[in-house]
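The block underneath contains the structure these notes are about, expressed in structure tokens.
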Amino acid sequence: MDLLICLQTLSAIVVCIYISKLLNWLWFKPRNLEKRLRKQGFTGNSYRILSGDMKDMRRMSKEAASKPINFTHDYTTRIMPIFHFLLNKYGEKCFLWFGPSPAIFVMEPELVREVLSKSNVFQKIPGRPFVRMISEGLATLETDRWAKHRRLLNPAFHVNKLQHMVPSFYLSCDEMLSKWDEIVGNGGSCEVDVWPHLQKLTSDVISRTAFGSSYLEGRKIFELQHELIQHVTAANRFFYIPGYRFLPTKMNKRVKEITKEVKSSLLDIINRRMKAMEAGEASNEDVLGLLLESNSKEIKQHGRKHGMSMDEVIEECKLFYFSGQDTTASLLVWTMILLSKHTEWQTRARDEVQQVFSTGDPDYQQLNNNLKIVGMVLHEVLRLYPPAFMLVRRAHTEVRLGNVSVPEGVQLMMPLVLLHHDPKIWGEDAKEFNPERFRDGVPNVAQGMAYFPFSWGPRICIAQNFAMLEAKIAVAMMLKRYSFELSPSYSHAPHQFIIVQPQHGAHLILNKL
């Protein structure tokens with residue numbers, strides 16, 4: 001009897017502890033954080049249990065996505081309506097609720113740089129379990145694990161290695177343009193939605209440069225990853241319930257199937273490569289080969305714990321597919337759209353390309369040094385349409401930022417689009433397409449202090465040189481063989497689906513030169 005009473009008492013204590021933690025998570029902690037933020041002059045909507053501002057976010061986003069806009073580069077109300085609403089209502093010193101987690105806006109370039117430079121204090125927010133299924137590679141890791149992966153991946157993206165990838169860039173672009181030639185045919189002119197073609201192009205580039213395989217071999221992985229992203233995006237629109245992913249719902253089952261199939265496909269590619277390398281039959285000039293070589297050296301010199309496990313290599317491969325495809329495709333599609341609208345810049349860029357390509361396909365150094373106008377155009381496109389429109393971090397511990405004491409757990413939202421479009425920083429033409437502002441290069445642009453298309457600080461994108469070289473070659477080859485203009489059926493609808501992309505495609509009139 002005494003034992004039964006003890007067990008009942010213990011059970012009651014355990015239940016009370018869990019209820020206490022739940023109440024603290026859902027009510028007491030959010031209310032305390034809100035009180036502390038308001039004391040420092042922040043304003044925003046009062047905390048609403050569980051949902052916070054997420055219902056408003058979903059409603060506004062759905063309404064904004066329901067119709068296109070006139071052709072303008074001032075599109076922030078369409079991709080971030082809740083932020084635009086709160087900033088107009090409360091000013092820059094406001095907060096937003098993601099469920100029980102508050103987030104403050106960081107709108108000053110100096111403070112953004114400080115946040116991005118202190119990666120141990122301001123850390124990335126751990127993704128929900130579904131998000132982590134996309135990839136748990138370099139982009140999501142922190143502290144020692146991040147440092148290890150960055151060190152092992154650096155050799156693969158060194159400038160000296162990129163020059164060996166140039167032929168693969170050319171080959172992939174030429175295959176896409178050959179398909180355009182088939183579509184356009186003898187007429188010399190045709191309307192084409194170039195968005196899916198550019199997505200396939202960047203997929204092909206990743207397959208060749210990262211894995212040394214053709215797009216056909218990697219196509220299934222791309223399709224599966226794309227489907228997984230759709231499921232993750234749908235799940236993220238709702239408040240996260242711990243343990244929900246274990247329920248046998250149709251979506252949960254499909255997500256597990258995709259994850260298993262992607263892992264199996266990548267494991268097969270990696271195992272075949274490792275066997276070929278051991279037999280001396282494989283090149284190590286692609287990203288996977290360079291990573292495996294770097295990892296092998298690290299393990300031999302310092303032990304297995306200093307290298308990556310097979311699962312970690314697979315996660316980095318998943319990240320190659322995810323980040324390497326969509327971000328560059330976004331840059332290319334907006335470049336084509338903007339050059340279709342601003343035809344004078346299309347002409348200037350084409351004149352430069354024809355001069356540089358007059359004696360054949362240029363090498364790495366010529367591409368880097370001689371395509372200045374193309375480079376100016378690409379940087380201006382990245383300013384107006386950064387693939388990642390928002391950077392988010394979370395205070396790992398209580399920390400001072402400017403004149404604000406940021407409590408532990410508070411998120412910091414850095415809206416790149418607003419910083420890139422700010423007239424106070426870029427001048428009255430901030431929302432206009434003007435590549436001239438980058439004539440002397442990014443380092444010599446004073447406003448470059450507020451230019452973050454590839455993030456900044458120690459966690460700046462490891463593949464930024466890769467992406468810019470790929471984009472330069474693709475744009476140059478397209479300009480050399482085609483002129484393009486907006487089709488009457490083009491619908492201007494910048495849309496946030498992981499990256500900033502055209503919601504209704506990019507319908508252009510291609511004219512064969």
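For the structure tokens, the naming scheme is as follows: chains receive sequential letters (A, B, ...) according to their order of presentation, residues are indexed from 1 within each chain, and ligands are indexed from 1 in presentation order.
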Selection: 12 Å around Phe28 of chain A, only C-alpha atoms, excl. self and same-chain fewer than 5 positions, as a PyMOL selection string:
chain A and resi 20-23+33-35+47+49+100-101
Save the residues we just selected, C-alpha atoms, as a short mmCIF file (atom, residue, chain, number, x, y, z; two decimals), in the first residue's frame?
data_model
loop_
_atom_site.label_atom_id
_atom_site.label_comp_id
_atom_site.auth_asym_id
_atom_site.auth_seq_id
_atom_site.Cartn_x
_atom_site.Cartn_y
_atom_site.Cartn_z
CA SER A 20 4.78 23.61 -15.12
CA LYS A 21 7.24 23.41 -18.04
CA LEU A 22 4.39 23.57 -20.54
CA LEU A 23 2.86 26.60 -18.87
CA LEU A 33 10.03 38.37 -22.70
CA GLU A 34 7.28 40.69 -23.94
CA LYS A 35 7.47 42.72 -20.73
CA TYR A 47 1.15 37.79 -27.13
CA ILE A 49 -1.17 31.94 -26.70
CA PRO A 100 5.51 31.74 -28.22
CA SER A 101 8.82 33.07 -29.60
#
DSSP on the backbone, alpha helix (DSSP H) only: what residues of segment 167-336 of chain A does that give? Format it as JSON, numbers by chain.
{"A": [167, 168, 169, 170, 171, 172, 173, 174, 175, 176, 177, 178, 179, 180, 181, 182, 183, 184, 194, 195, 196, 197, 198, 199, 200, 201, 202, 203, 204, 205, 206, 207, 208, 209, 210, 211, 215, 216, 217, 218, 219, 220, 221, 222, 223, 224, 225, 226, 227, 228, 229, 230, 231, 232, 233, 234, 235, 236, 250, 251, 252, 253, 254, 255, 256, 257, 258, 259, 260, 261, 262, 263, 264, 265, 266, 267, 268, 269, 270, 271, 272, 273, 274, 275, 276, 277, 278, 287, 288, 289, 290, 291, 292, 293, 294, 295, 296, 297, 298, 299, 300, 301, 302, 310, 311, 312, 313, 314, 315, 316, 317, 318, 319, 320, 321, 322, 323, 324, 325, 326, 327, 328, 329, 330, 331, 332, 333, 334, 335, 336]}
Looking at only C-alpha atoms, which of A:Asp361, A:Asp326, A:Glu278, A:Glu110 is the one that sits closest to Pro386 of chain A?
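The answer is A:Asp326, which sits nearest to Pro386 of chain A.
When atom CA of Val194 of chain A is paired with atom CA of Asp174 of chain A, their separation reads 14.7 Å.
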Out of segment 235-395 of chain A, which residues get strand (DSSP E) from DSSP, as a ChimeraX atom specification?
/A:390-395
Counting only C-alpha atoms, figure out which residue out of A:Gly187, A:Pro488, A:Pro30, A:Pro387 gets nearest to Gln501 of chain A.
A:Pro387
Residue contacts of Val184 of chain A (12 Å, only C-alpha atoms) excluding same-chain residues fewer than 6 positions away, as a list in words
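The residues that qualify are Leu177, Ser178, Cys190, Glu191, Val192, Arg481, Tyr482, Leu508, Ile509, Leu510, Asn511, Lys512 and Leu513 of chain A.
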When you look at Arg393 of chain A with a cut-off of 7 Å (counting only C-alpha atoms), what residues show up, excluding the ones that are within fewer than 4 positions of it in the same chain? I need them as an NGL selection string.
:A and (122-125 or 411-413)
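Rounded to one decimal, atom CA of Lys89 of chain A and atom CA of Val106 of chain A lie 16.4 Å from each other.
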Pick from A:Met376, A:Lys93, A:Lys253, A:Gln496, whichever lies nearest to Pro81 of chain A using only C-alpha atoms:
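The shortest atom-to-atom distance to Pro81 of chain A comes from A:Gln496.
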To one decimal in Å, tell me the separation between atom CA of Gln503 of chain A and atom CA of Met60 of chain A.
16.2 Å
Residue contacts of segment 64-73 of chain A (9 Å, only C-alpha atoms) excluding same-chain residues fewer than 4 positions away, as a ChimeraX atom specification
/A:59-60,77-81,384-385,421,431-433,491-495,503-504
Name all residues at most 9 Å from segment 469-480 of chain A (count only C-alpha atoms; drop same-chain ones fewer than 4 positions away) and give them as a PyMOL selection string.
chain A and resi 162+166+169-170+172-174+177+201-202+205+328-329+331-332+335-336+346-347+349-354+357+364+367-368+371+374-375+378+464-465+484+513
Go ahead and save the picked residues with C-alpha atoms, as a short mmCIF file (atom, residue, chain, number, x, y, z; two decimals), in the first residue's frame.
data_model
loop_
_atom_site.label_atom_id
_atom_site.label_comp_id
_atom_site.auth_asym_id
_atom_site.auth_seq_id
_atom_site.Cartn_x
_atom_site.Cartn_y
_atom_site.Cartn_z
CA LEU A 162 36.65 26.52 -59.79
CA VAL A 166 34.26 25.90 -66.15
CA PHE A 169 29.28 25.11 -66.75
CA TYR A 170 29.65 25.57 -70.52
CA SER A 172 25.24 22.46 -69.12
CA CYS A 173 24.41 25.89 -70.56
CA ASP A 174 24.91 24.66 -74.11
CA LEU A 177 20.31 26.57 -75.22
CA LEU A 201 20.16 24.14 -65.88
CA THR A 202 21.29 24.73 -62.30
CA VAL A 205 25.40 22.13 -63.15
CA THR A 328 21.41 30.41 -58.64
CA ALA A 329 18.24 29.70 -60.62
CA LEU A 331 19.48 34.93 -59.70
CA LEU A 332 19.33 33.87 -63.35
CA THR A 335 18.41 38.70 -64.39
CA MET A 336 16.58 37.64 -67.55
CA GLN A 346 20.76 43.94 -72.22
CA THR A 347 22.38 45.57 -75.26
CA ALA A 349 25.92 43.44 -71.67
CA ARG A 350 25.62 41.66 -75.03
CA ASP A 351 28.17 43.98 -76.66
CA GLU A 352 30.61 43.13 -73.87
CA VAL A 353 29.93 39.39 -74.22
CA GLN A 354 30.47 39.42 -77.99
CA PHE A 357 33.74 35.63 -76.69
CA TYR A 364 38.27 31.37 -65.87
CA LEU A 367 35.43 35.44 -67.34
CA ASN A 368 36.39 36.96 -64.00
CA LEU A 371 32.78 40.53 -67.97
CA VAL A 374 27.62 41.37 -66.70
CA GLY A 375 29.01 41.40 -63.16
CA LEU A 378 24.27 40.44 -61.52
CA GLN A 464 29.44 32.48 -53.57
CA ASN A 465 32.30 32.42 -56.09
CA PHE A 484 14.72 38.41 -74.97
CA LEU A 513 20.35 35.92 -82.99
#
Which of these residues is nearest to Ile499 of chain A, using only C-alpha atoms: A:Gly324, A:Gly427, A:Gly402, A:Pro102?
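Closest residue, counting only C-alpha atoms: A:Gly324.
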What's around Leu153 of chain A at 10 Å? Count only C-alpha atoms, leave out sequence neighbours fewer than 4 positions away in its own chain, and write the answer as JSON, numbers by chain.
{"A": [138, 147, 148, 149, 157, 158, 287, 288, 290, 291, 292, 294, 295, 316, 462, 463]}
